[in-house]
file structure31.pdb (PDB, C-alpha atoms and all ligand atoms)
ATOM      1  CA  MET A  11       0.000   0.000   0.000
ATOM      2  CA  GLU A  12       1.401   3.388  -0.942
ATOM      3  CA  LEU A  13       1.326   6.118   1.733
ATOM      4  CA  ARG A  14       0.631   9.825   1.100
ATOM      5  CA  THR A  15       0.999  12.405   3.880
ATOM      6  CA  ALA A  16      -1.188  15.457   4.436
ATOM      7  CA  VAL A  17       0.044  18.787   3.057
ATOM      8  CA  SER A  18      -0.351  22.458   3.919
ATOM      9  CA  PRO A  19      -1.725  24.979   1.398
ATOM     10  CA  ARG A  20       1.136  27.310   2.401
ATOM     11  CA  ASP A  21       3.633  24.763   1.083
ATOM     12  CA  VAL A  22       1.606  23.649  -1.919
ATOM     13  CA  LYS A  23       1.703  27.104  -3.500
ATOM     14  CA  HIS A  24       5.476  26.626  -3.976
ATOM     15  CA  TYR A  25       5.228  23.158  -5.569
ATOM     16  CA  THR A  26       6.491  22.427  -9.074
ATOM     17  CA  THR A  27       4.282  20.520 -11.500
ATOM     18  CA  GLU A  28       6.213  17.342 -10.664
ATOM     19  CA  ARG A  29       5.757  17.742  -6.892
ATOM     20  CA  LEU A  30       2.034  18.551  -7.265
ATOM     21  CA  ARG A  31       1.576  15.356  -9.265
ATOM     22  CA  GLU A  32       3.560  13.294  -6.725
ATOM     23  CA  GLU A  33       1.409  14.463  -3.815
ATOM     24  CA  PHE A  34      -2.091  14.465  -5.299
ATOM     25  CA  LEU A  35      -2.298  12.429  -8.515
ATOM     26  CA  ILE A  36      -2.897   8.663  -8.357
ATOM     27  CA  ARG A  37      -1.888   6.850 -11.539
ATOM     28  CA  ASP A  38      -1.769   3.193 -12.638
ATOM     29  CA  LEU A  39      -4.641   2.110 -10.390
ATOM     30  CA  PHE A  40      -6.060  -0.564 -12.673
ATOM     31  CA  VAL A  41      -3.286  -3.134 -13.034
ATOM     32  CA  GLU A  42      -4.151  -6.621 -14.308
ATOM     33  CA  ASP A  43      -4.519  -9.198 -11.523
ATOM     34  CA  GLU A  44      -3.549  -6.716  -8.800
ATOM     35  CA  ILE A  45      -5.180  -4.779  -5.994
ATOM     36  CA  LYS A  46      -3.606  -1.311  -5.798
ATOM     37  CA  LEU A  47      -4.196   0.822  -2.689
ATOM     38  CA  VAL A  48      -3.111   4.350  -1.742
ATOM     39  CA  TYR A  49      -3.463   5.369   1.914
ATOM     40  CA  SER A  50      -3.755   9.119   2.536
ATOM     41  CA  HIS A  51      -3.267  10.721   5.944
ATOM     42  CA  ILE A  52      -6.013  13.165   4.894
ATOM     43  CA  ASP A  53      -9.018  11.771   6.789
ATOM     44  CA  ARG A  54      -7.265   8.388   6.370
ATOM     45  CA  ILE A  55      -9.047   7.627   3.119
ATOM     46  CA  ILE A  56      -7.808   4.660   1.089
ATOM     47  CA  THR A  57      -8.245   4.946  -2.677
ATOM     48  CA  GLY A  58      -7.710   1.830  -4.695
ATOM     49  CA  ALA A  59      -8.693  -0.593  -7.399
ATOM     50  CA  ALA A  60      -9.039  -4.330  -7.875
ATOM     51  CA  THR A  61      -8.619  -5.597 -11.438
ATOM     52  CA  PRO A  62      -9.061  -9.380 -11.485
ATOM     53  CA  VAL A  63      -8.364 -10.915 -14.899
ATOM     54  CA  SER A  64      -7.093 -14.492 -14.738
ATOM     55  CA  LYS A  65      -7.560 -15.060 -11.005
ATOM     56  CA  MET A  66      -9.630 -14.111  -7.988
ATOM     57  CA  LEU A  67      -8.105 -11.289  -5.905
ATOM     58  CA  LYS A  68      -8.390 -11.283  -2.110
ATOM     59  CA  LEU A  69      -8.331  -8.023  -0.158
ATOM     60  CA  THR A  70      -5.944  -8.098   2.815
ATOM     61  CA  ALA A  71      -5.118  -5.540   5.507
ATOM     62  CA  GLY A  72      -1.397  -5.524   4.764
ATOM     63  CA  ASP A  73       1.073  -4.305   7.405
ATOM     64  CA  GLU A  74      -0.056  -0.692   7.272
ATOM     65  CA  LEU A  75      -3.484  -1.046   8.930
ATOM     66  CA  ARG A  76      -2.269  -3.132  11.890
ATOM     67  CA  ALA A  77      -5.640  -4.874  11.634
ATOM     68  CA  GLU A  78      -6.608  -8.540  11.406
ATOM     69  CA  TYR A  79      -8.527  -7.871   8.203
ATOM     70  CA  PHE A  80      -9.124  -4.859   5.927
ATOM     71  CA  LEU A  81     -12.555  -3.827   7.229
ATOM     72  CA  GLN A  82     -11.925  -4.566  10.907
ATOM     73  CA  ARG A  83     -12.163  -0.813  11.645
ATOM     74  CA  ARG A  84     -13.189   0.483   8.212
ATOM     75  CA  GLU A  85     -16.028   0.666   5.680
ATOM     76  CA  MET A  86     -15.768   0.797   1.905
ATOM     77  CA  GLY A  87     -17.542   1.797  -1.268
ATOM     78  CA  VAL A  88     -16.862   0.086  -4.606
ATOM     79  CA  ILE A  89     -17.969   1.038  -8.119
ATOM     80  CA  ASN A  90     -17.258  -1.206 -11.107
ATOM     81  CA  ILE A  91     -16.124   0.730 -14.200
ATOM     82  CA  GLY A  92     -15.288  -2.398 -16.246
ATOM     83  CA  GLY A  93     -16.968  -5.626 -17.382
ATOM     84  CA  ALA A  94     -19.271  -7.734 -15.227
ATOM     85  CA  GLY A  95     -17.705  -9.028 -12.039
ATOM     86  CA  THR A  96     -18.369 -10.662  -8.709
ATOM     87  CA  ILE A  97     -17.535  -9.512  -5.200
ATOM     88  CA  ILE A  98     -17.551 -12.356  -2.691
ATOM     89  CA  ILE A  99     -18.082 -11.185   0.893
ATOM     90  CA  ASP A 100     -17.886 -13.773   3.691
ATOM     91  CA  GLY A 101     -19.052 -16.471   1.279
ATOM     92  CA  LYS A 102     -21.893 -14.506  -0.337
ATOM     93  CA  SER A 103     -21.533 -13.549  -4.021
ATOM     94  CA  TYR A 104     -22.746 -10.237  -5.419
ATOM     95  CA  GLN A 105     -22.902  -9.744  -9.208
ATOM     96  CA  VAL A 106     -21.685  -6.224  -9.920
ATOM     97  CA  GLY A 107     -22.178  -4.884 -13.448
ATOM     98  CA  PHE A 108     -20.811  -1.781 -15.180
ATOM     99  CA  LYS A 109     -21.443   1.334 -13.057
ATOM    100  CA  GLU A 110     -22.998  -0.746 -10.305
ATOM    101  CA  GLY A 111     -21.520  -0.447  -6.843
ATOM    102  CA  MET A 112     -21.435  -1.787  -3.318
ATOM    103  CA  TYR A 113     -21.288  -0.463   0.189
ATOM    104  CA  ILE A 114     -19.453  -2.959   2.399
ATOM    105  CA  GLY A 115     -19.867  -2.385   6.118
ATOM    106  CA  MET A 116     -17.285  -2.617   8.893
ATOM    107  CA  GLY A 117     -16.712  -6.179  10.073
ATOM    108  CA  ALA A 118     -16.881  -7.942   6.678
ATOM    109  CA  LYS A 119     -13.898 -10.294   6.882
ATOM    110  CA  ASP A 120     -13.261 -12.099   3.611
ATOM    111  CA  ILE A 121     -13.569  -9.954   0.508
ATOM    112  CA  SER A 122     -12.570 -11.196  -2.949
ATOM    113  CA  PHE A 123     -12.984  -9.856  -6.457
ATOM    114  CA  GLU A 124     -13.463 -11.854  -9.664
ATOM    115  CA  SER A 125     -14.224 -11.070 -13.323
ATOM    116  CA  LYS A 126     -16.878 -12.915 -15.280
ATOM    117  CA  ASP A 127     -14.951 -12.776 -18.547
ATOM    118  CA  ALA A 128     -11.162 -12.317 -18.663
ATOM    119  CA  SER A 129     -11.432 -10.651 -22.079
ATOM    120  CA  CYS A 130     -13.580  -7.885 -20.540
ATOM    121  CA  PRO A 131     -12.372  -7.672 -16.933
ATOM    122  CA  ALA A 132     -14.168  -5.934 -14.109
ATOM    123  CA  LYS A 133     -12.474  -2.786 -12.772
ATOM    124  CA  PHE A 134     -13.489  -2.279  -9.175
ATOM    125  CA  TYR A 135     -12.729   1.249  -7.928
ATOM    126  CA  ILE A 136     -12.499   1.494  -4.130
ATOM    127  CA  ASN A 137     -12.817   4.245  -1.495
ATOM    128  CA  SER A 138     -12.471   3.203   2.157
ATOM    129  CA  ALA A 139     -12.602   5.214   5.385
ATOM    130  CA  PRO A 140     -12.335   4.537   9.119
ATOM    131  CA  ALA A 141     -15.665   3.403  10.639
ATOM    132  CA  HIS A 142     -17.079   3.022  14.137
ATOM    133  CA  LYS A 143     -20.036   0.663  13.573
ATOM    134  CA  PRO A 144     -21.310  -1.783  10.958
ATOM    135  CA  TYR A 145     -23.999  -0.667   8.496
ATOM    136  CA  PRO A 146     -25.625  -3.193   6.123
ATOM    137  CA  THR A 147     -23.656  -4.334   3.097
ATOM    138  CA  VAL A 148     -25.681  -3.680  -0.074
ATOM    139  CA  LEU A 149     -25.415  -3.836  -3.849
ATOM    140  CA  ILE A 150     -26.211  -0.452  -5.441
ATOM    141  CA  LYS A 151     -27.663  -0.052  -8.941
ATOM    142  CA  PRO A 152     -28.304   3.279 -10.684
ATOM    143  CA  GLU A 153     -31.408   1.771 -12.350
ATOM    144  CA  GLY A 154     -33.588  -1.324 -11.945
ATOM    145  CA  GLU A 155     -36.107  -3.063  -9.743
ATOM    146  CA  PRO A 156     -35.598  -3.144  -5.975
ATOM    147  CA  GLU A 157     -34.905  -6.573  -4.471
ATOM    148  CA  SER A 158     -33.579  -7.806  -1.154
ATOM    149  CA  GLY A 159     -30.005  -6.571  -0.517
ATOM    150  CA  VAL A 160     -30.132  -4.284  -3.568
ATOM    151  CA  VAL A 161     -30.595  -0.506  -3.405
ATOM    152  CA  ILE A 162     -31.713   1.357  -6.527
ATOM    153  CA  VAL A 163     -30.555   4.985  -6.602
ATOM    154  CA  LYS A 164     -33.594   7.151  -5.830
ATOM    155  CA  ASP A 165     -34.737   9.673  -8.462
ATOM    156  CA  GLU A 166     -34.101  12.498  -5.965
ATOM    157  CA  ASN A 167     -30.441  11.377  -5.880
ATOM    158  CA  LYS A 168     -29.986  11.819  -9.639
ATOM    159  CA  VAL A 169     -29.467  15.526  -9.975
ATOM    160  CA  GLU A 170     -29.174  17.322 -13.302
ATOM    161  CA  LEU A 171     -27.024  20.463 -13.114
ATOM    162  CA  GLY A 172     -25.625  23.134 -15.443
ATOM    163  CA  CYS A 173     -26.369  23.759 -19.116
ATOM    164  CA  LEU A 174     -24.706  23.382 -22.516
ATOM    165  CA  GLU A 175     -24.250  27.175 -22.851
ATOM    166  CA  ASP A 176     -21.984  27.072 -19.766
ATOM    167  CA  ALA A 177     -20.385  23.789 -20.971
ATOM    168  CA  ASN A 178     -21.233  22.203 -17.585
ATOM    169  CA  HIS A 179     -24.395  20.153 -18.255
ATOM    170  CA  ARG A 180     -24.073  17.014 -16.114
ATOM    171  CA  VAL A 181     -25.953  14.488 -13.997
ATOM    172  CA  ILE A 182     -24.805  13.730 -10.458
ATOM    173  CA  CYS A 183     -25.806  10.232  -9.334
ATOM    174  CA  LYS A 184     -25.411   9.768  -5.570
ATOM    175  CA  TYR A 185     -24.786   6.124  -4.600
ATOM    176  CA  ILE A 186     -23.845   6.215  -0.890
ATOM    177  CA  LEU A 187     -25.400   8.920   1.305
ATOM    178  CA  PRO A 188     -27.754   9.167   4.298
ATOM    179  CA  GLY A 189     -31.360   8.170   3.544
ATOM    180  CA  GLN A 190     -30.355   5.776   0.752
ATOM    181  CA  VAL A 191     -27.275   3.769   1.735
ATOM    182  CA  GLU A 192     -26.185   4.404   5.317
ATOM    183  CA  SER A 193     -22.486   4.637   6.196
ATOM    184  CA  CYS A 194     -20.352   5.958   9.061
ATOM    185  CA  GLN A 195     -18.752   8.723   6.966
ATOM    186  CA  LEU A 196     -18.261   7.711   3.342
ATOM    187  CA  VAL A 197     -20.359   9.541   0.733
ATOM    188  CA  MET A 198     -19.832   8.395  -2.858
ATOM    189  CA  GLY A 199     -21.281   8.788  -6.341
ATOM    190  CA  MET A 200     -20.717   9.409 -10.021
ATOM    191  CA  THR A 201     -21.102  12.451 -12.265
ATOM    192  CA  LYS A 202     -21.516  12.155 -16.046
ATOM    193  CA  LEU A 203     -20.909  15.077 -18.356
ATOM    194  CA  GLU A 204     -23.381  15.422 -21.228
ATOM    195  CA  PRO A 205     -21.910  15.537 -24.774
ATOM    196  CA  GLY A 206     -20.454  18.984 -25.486
ATOM    197  CA  SER A 207     -20.098  19.846 -21.809
ATOM    198  CA  VAL A 208     -16.604  19.771 -20.322
ATOM    199  CA  TRP A 209     -16.679  21.566 -16.942
ATOM    200  CA  ASN A 210     -17.406  19.762 -13.684
ATOM    201  CA  THR A 211     -18.015  21.460 -10.364
ATOM    202  CA  MET A 212     -17.923  24.967 -11.843
ATOM    203  CA  PRO A 213     -18.982  27.237 -10.153
ATOM    204  CA  CYS A 214     -16.612  25.564  -7.711
ATOM    205  CA  HIS A 215     -16.463  25.087  -3.966
ATOM    206  CA  THR A 216     -14.390  23.903  -1.061
ATOM    207  CA  HIS A 217     -15.770  22.088   2.015
ATOM    208  CA  ASP A 218     -13.712  22.551   5.143
ATOM    209  CA  ARG A 219     -15.536  19.666   6.754
ATOM    210  CA  ARG A 220     -14.787  17.010   4.131
ATOM    211  CA  MET A 221     -11.989  15.935   1.822
ATOM    212  CA  GLU A 222     -12.714  14.411  -1.590
ATOM    213  CA  VAL A 223     -11.161  12.059  -4.147
ATOM    214  CA  TYR A 224     -12.071  12.098  -7.869
ATOM    215  CA  LEU A 225     -11.517   9.288 -10.412
ATOM    216  CA  TYR A 226     -11.874  10.397 -14.037
ATOM    217  CA  PHE A 227     -12.866   7.755 -16.625
ATOM    218  CA  GLU A 228     -14.717   7.181 -19.930
ATOM    219  CA  MET A 229     -12.007   9.256 -21.627
ATOM    220  CA  GLN A 230     -10.300   8.473 -24.917
ATOM    221  CA  GLN A 231      -6.557   7.750 -24.810
ATOM    222  CA  ASP A 232      -5.496  11.192 -26.053
ATOM    223  CA  ALA A 233      -8.119  13.112 -24.069
ATOM    224  CA  PHE A 234      -7.342  14.916 -20.823
ATOM    225  CA  VAL A 235      -8.994  16.798 -17.997
ATOM    226  CA  MET A 236      -7.321  19.908 -16.608
ATOM    227  CA  HIS A 237      -8.125  19.336 -12.948
ATOM    228  CA  TYR A 238      -8.091  22.553 -10.931
ATOM    229  CA  MET A 239      -7.021  22.513  -7.303
ATOM    230  CA  GLY A 240      -5.643  24.849  -4.654
ATOM    231  CA  GLU A 241      -7.092  27.603  -2.537
ATOM    232  CA  PRO A 242      -9.532  29.725  -4.570
ATOM    233  CA  SER A 243      -7.058  32.618  -4.602
ATOM    234  CA  GLU A 244      -4.076  30.387  -5.500
ATOM    235  CA  THR A 245      -5.227  27.825  -8.058
ATOM    236  CA  ARG A 246      -3.096  25.196  -9.787
ATOM    237  CA  HIS A 247      -3.874  22.607 -12.439
ATOM    238  CA  ILE A 248      -2.981  18.951 -12.927
ATOM    239  CA  VAL A 249      -3.358  17.288 -16.321
ATOM    240  CA  MET A 250      -5.269  14.047 -15.840
ATOM    241  CA  ARG A 251      -5.768  11.090 -18.171
ATOM    242  CA  ASN A 252      -8.264   8.246 -18.304
ATOM    243  CA  GLU A 253      -8.709   6.232 -15.067
ATOM    244  CA  GLU A 254      -6.490   8.459 -12.936
ATOM    245  CA  ALA A 255      -7.544   9.717  -9.495
ATOM    246  CA  ILE A 256      -6.773  12.876  -7.552
ATOM    247  CA  ILE A 257      -6.786  13.645  -3.837
ATOM    248  CA  SER A 258      -8.460  16.921  -2.881
ATOM    249  CA  PRO A 259      -7.782  18.309   0.620
ATOM    250  CA  SER A 260     -10.615  20.179   2.387
ATOM    251  CA  TRP A 261      -9.046  23.578   1.629
ATOM    252  CA  SER A 262      -8.815  22.929  -2.110
ATOM    253  CA  ILE A 263     -11.239  23.559  -4.933
ATOM    254  CA  HIS A 264     -11.808  20.454  -7.098
ATOM    255  CA  SER A 265     -13.060  21.177 -10.571
ATOM    256  CA  GLY A 266     -12.123  19.972 -14.028
ATOM    257  CA  CYS A 267     -12.313  21.035 -17.639
ATOM    258  CA  GLY A 268     -11.936  18.244 -20.184
ATOM    259  CA  SER A 269     -10.846  18.234 -23.805
ATOM    260  CA  ARG A 270     -14.244  16.526 -24.259
ATOM    261  CA  ALA A 271     -17.006  14.997 -22.109
ATOM    262  CA  TYR A 272     -16.059  12.391 -19.475
ATOM    263  CA  THR A 273     -17.383  10.745 -16.307
ATOM    264  CA  PHE A 274     -15.961  10.787 -12.798
ATOM    265  CA  ILE A 275     -16.502   9.131  -9.438
ATOM    266  CA  TRP A 276     -16.292  11.257  -6.322
ATOM    267  CA  GLY A 277     -15.861  10.015  -2.766
ATOM    268  CA  MET A 278     -15.911  12.158   0.363
ATOM    269  CA  VAL A 279     -15.070  11.562   4.010
ATOM    270  CA  GLY A 280     -14.769  13.811   7.056
ATOM    271  CA  GLU A 281     -16.808  15.701   9.593
ATOM    272  CA  ASN A 282     -20.286  15.387   8.068
ATOM    273  CA  GLN A 283     -22.221  13.650   5.288
ATOM    274  CA  ALA A 284     -24.213  16.661   4.094
ATOM    275  CA  PHE A 285     -23.655  16.720   0.325
ATOM    276  CA  ASP A 286     -24.788  20.349   0.070
ATOM    277  CA  ASP A 287     -22.531  21.609   2.857
ATOM    278  CA  MET A 288     -20.192  23.447   0.515
ATOM    279  CA  ASP A 289     -18.325  26.750   0.746
ATOM    280  CA  THR A 290     -19.178  28.077  -2.684
ATOM    281  CA  VAL A 291     -16.631  30.252  -4.451
ATOM    282  CA  ASP A 292     -17.834  33.240  -6.428
ATOM    283  CA  MET A 293     -16.497  33.050 -10.021
ATOM    284  CA  LYS A 294     -15.053  36.559  -9.686
ATOM    285  CA  ASP A 295     -12.967  35.519  -6.659
ATOM    286  CA  LEU A 296     -11.036  32.751  -8.452
ATOM    287  CA  MET A 297      -7.378  33.508  -9.047
TER     288      MET A 297
HETATM  289  O1  LIG B   1     -20.145  17.936 -11.036
HETATM  290  C1  LIG B   1     -20.240  18.264  -9.852
HETATM  291  O2  LIG B   1     -20.599  19.402  -9.487
HETATM  292  C2  LIG B   1     -19.901  17.263  -8.841
HETATM  293  O3  LIG B   1     -19.903  16.096  -9.110
HETATM  294  C3  LIG B   1     -19.571  17.776  -7.498
HETATM  295  C4  LIG B   1     -18.915  16.745  -6.589
HETATM  296  O4  LIG B   1     -19.782  15.742  -6.364
HETATM  297  C5  LIG B   1     -18.503  17.442  -5.318
HETATM  298  O5  LIG B   1     -17.559  18.172  -5.330
HETATM  299  C6  LIG B   1     -19.287  17.189  -4.116
HETATM  300  O6  LIG B   1     -18.796  17.932  -3.035
HETATM  301 ZN    ZN B   2     -16.859  18.858  -3.399
END

call {"tool": "encode", "arguments": {"input": "structure31.pdb", "output": "structure tokens", "more": "lines below"}}
Ligand SMILES: O=C(O)C(=O)C[C@H](O)C(=O)CO
Ligand SMILES: [Zn+2]
result
Amino acid sequence: MELRTAVSPRDVKHYTTERLREEFLIRDLFVEDEIKLVYSHIDRIITGAATPVSKMLKLTAGDELRAEYFLQRREMGVINIGGAGTIIIDGKSYQVGFKEGMYIGMGAKDISFESKDASCPAKFYINSAPAHKPYPTVLIKPEGEPESGVVIVKDENKVELGCLEDANHRVICKYILPGQVESCQLVMGMTKLEPGSVWNTMPCHTHDRRMEVYLYFEMQQDAFVMHYMGEPSETRHIVMRNEEAIISPSWSIHSGCGSRAYTFIWGMVGENQAFDDMDTVDMKDLM
């Protein structure tokens, strides 16, 4: 597991491009037949991916967590951005299709990932945070019929925002949040840009009470997103490619402008779970 420390905005304003990328950008997450994990001291979020191709992959705590098993004191959210796959949790199998996800509560011991078809492997994207009690493990589907153990994202949690004229027309689909899928602190979902729109989270915001991680995907090989970060009066950019993630500290804006439309997964942890608790930044104050 790779470790990233927390950083101060006073230092970050002096960083070179290379140093900014070292601290915040997470590359090469989806590696064939590997589980990759990055542990950040910022709210102790773990960002990772499991990409099973020719074998089943088992999630272990590693040395870093000093735990008997990965979710002994943690919870996790997973969203599959690849082909159909299976997550096996304490002997129970969950079929997780493209853009379907799971919330896995604290206390789940044996967690393994498998692809249905090696020629179209599942790509399980993971966010995990410290937890204090178990909440039910559920499969989450953006659409479909409700059944036992499966949560369908409520219409009120699919929010259309922006417009083509502002190049920010997008739909925010909230997977894990209070009132739909309960968790100790993790809030997670996916935002899809409509064709022709390229800006996410603009007008932008910070939220002193939560940090956030973004994973950009559904991008062509030569496409990029200019991800904007930093304090509103001291912004920086990081060029991001398909299936790369970025850590956003609470003091930082987190907004992107793509060379064309794209999709991204956001995950937040921290003081509260109120999606709308944002410190909005007036466009004229950005520097
Ligand atoms: O496009 C957006 O706007 C978002 O997806 C916003 C993120 O979800 C976010 O920053 C939530 O705090
Ligand atoms: Zn945010």

call {"tool": "residues_around", "arguments": {"input": "structure31.pdb", "residues": "A:Val181", "least_positions_apart": "2", "cutoff": "10 Å", "atoms": "all atoms listed in the file", "output": "PyMOL selection string"}}
result
chain A and resi 167-172+178-179+183-184+200-204+273

call {"tool": "residues_around", "arguments": {"input": "structure31.pdb", "residues": "stretch 143-147 of chain A", "least_positions_apart": "2", "cutoff": "8 Å", "atoms": "only C-alpha atoms", "output": "list of chain:residue names"}}
result
A:Glu85, A:Met112, A:Tyr113, A:Ile114, A:Gly115, A:Met116, A:Gly117, A:Ala141, A:Leu149, A:Gly159, A:Glu192, A:Ser193, A:Cys194

call {"tool": "residues_around", "arguments": {"input": "structure31.pdb", "residues": "A:Ser64", "least_positions_apart": "4", "cutoff": "10 Å", "atoms": "only C-alpha atoms", "output": "list in words"}}
result
Glu42, Asp43, Glu124, Ser125, Lys126, Asp127, Ala128, Ser129 and Pro131 of chain A

call {"tool": "axis_aligned_box", "arguments": {"input": "structure31.pdb", "around": "ligand LIG 1 (chain B)", "padding_each_side": "6 Å", "output": "JSON"}}
result
{"center_x": -19.1, "center_y": 17.6, "center_z": -7.0, "size_x": 15.0, "size_y": 15.7, "size_z": 20.0}

call {"tool": "closest_residue", "arguments": {"input": "structure31.pdb", "among": "A:Ala284, A:Met239, A:Met221, A:Ala271", "to": "ligand ZN 2 (chain B)", "atoms": "all atoms listed in the file"}}
result
A:Met221

call {"tool": "resolve_selection", "arguments": {"input": "structure31.pdb", "expression": "the PyMOL selection byres (((chain A and resi 93) around 12) and not hetatm)", "output": "PyMOL selection string"}}
result
chain A and resi 61-63+89-92+94-96+105-110+124-134

call {"tool": "residues_near_ligand", "arguments": {"input": "structure31.pdb", "ligand": "ligand LIG 1 (chain B)", "cutoff": "9 Å", "atoms": "only C-alpha atoms and all ligand atoms", "output": "PyMOL selection string"}}
result
chain A and resi 171-172+178-184+198-203+209-217+220-224+263-266+274-278+285-288

call {"tool": "closest_residue", "arguments": {"input": "structure31.pdb", "among": "A:Val17, A:Leu196, A:Met297, A:Met66", "to": "A:His142", "atoms": "all atoms listed in the file"}}
result
A:Leu196

call {"tool": "resolve_selection", "arguments": {"input": "structure31.pdb", "expression": "the PyMOL selection byres (((chain A and resi 12) around 7) and not hetatm)", "output": "PyMOL selection string"}}
result
chain A and resi 11+13-14+47-49

call {"tool": "write_last_selection", "arguments": {"input": "structure31.pdb", "atoms": "C-alpha atoms", "output": "tab-separated table (two decimals), keeping the file's coordinate frame"}}
result
chain	number	residue	atom	x	y	z
A	11	MET	CA	0.00	0.00	0.00
A	13	LEU	CA	1.33	6.12	1.73
A	14	ARG	CA	0.63	9.82	1.10
A	47	LEU	CA	-4.20	0.82	-2.69
A	48	VAL	CA	-3.11	4.35	-1.74
A	49	TYR	CA	-3.46	5.37	1.91

call {"tool": "residues_around", "arguments": {"input": "structure31.pdb", "residues": "A:Glu28", "least_positions_apart": "4", "cutoff": "10 Å", "atoms": "all atoms listed in the file", "output": "ChimeraX atom specification"}}
result
/A:32-33,248

call {"tool": "closest_residue", "arguments": {"input": "structure31.pdb", "among": "A:Ser103, A:Asn252, A:Ser258, A:Asn282", "to": "ligand ZN 2 (chain B)", "atoms": "all atoms listed in the file"}}
result
A:Ser258

call {"tool": "resolve_selection", "arguments": {"input": "structure31.pdb", "expression": "the PyMOL selection byres (((chain A and resi 136) around 8) and not hetatm)", "output": "list in words"}}
result
Ile56, Thr57, Gly58, Ala59, Ala60, Met86, Gly87, Val88, Ile89, Phe134, Tyr135, Asn137 and Ser138 of chain A

call {"tool": "closest_residue", "arguments": {"input": "structure31.pdb", "among": "A:Cys267, A:Val249, A:Ser18, A:Val197", "to": "ligand ZN 2 (chain B)", "atoms": "only C-alpha atoms and all ligand atoms"}}
result
A:Val197

call {"tool": "atom_distance", "arguments": {"input": "structure31.pdb", "atom1": "atom CA of A:Lys68", "atom2": "atom CA of A:Ile55"}}
result
19.6 Å

call {"tool": "atom_distance", "arguments": {"input": "structure31.pdb", "atom1": "atom CA of A:Ile186", "atom2": "atom CA of A:Ile150"}}
result
8.4 Å

call {"tool": "atom_distance", "arguments": {"input": "structure31.pdb", "atom1": "atom CA of A:Met236", "atom2": "atom CA of A:Arg251"}}
result
9.1 Å

call {"tool": "closest_residue", "arguments": {"input": "structure31.pdb", "among": "A:Ala77, A:Val148, A:Val160, A:Ala255", "to": "A:Phe34", "atoms": "all atoms listed in the file"}}
result
A:Ala255

call {"tool": "residues_around", "arguments": {"input": "structure31.pdb", "residues": "A:Ala71", "least_positions_apart": "2", "cutoff": "10 Å", "atoms": "all atoms listed in the file", "output": "list in words"}}
result
Met11, Leu69, Asp73, Glu74, Leu75, Arg76, Ala77, Glu78, Tyr79, Phe80, Leu81 and Gln82 of chain A
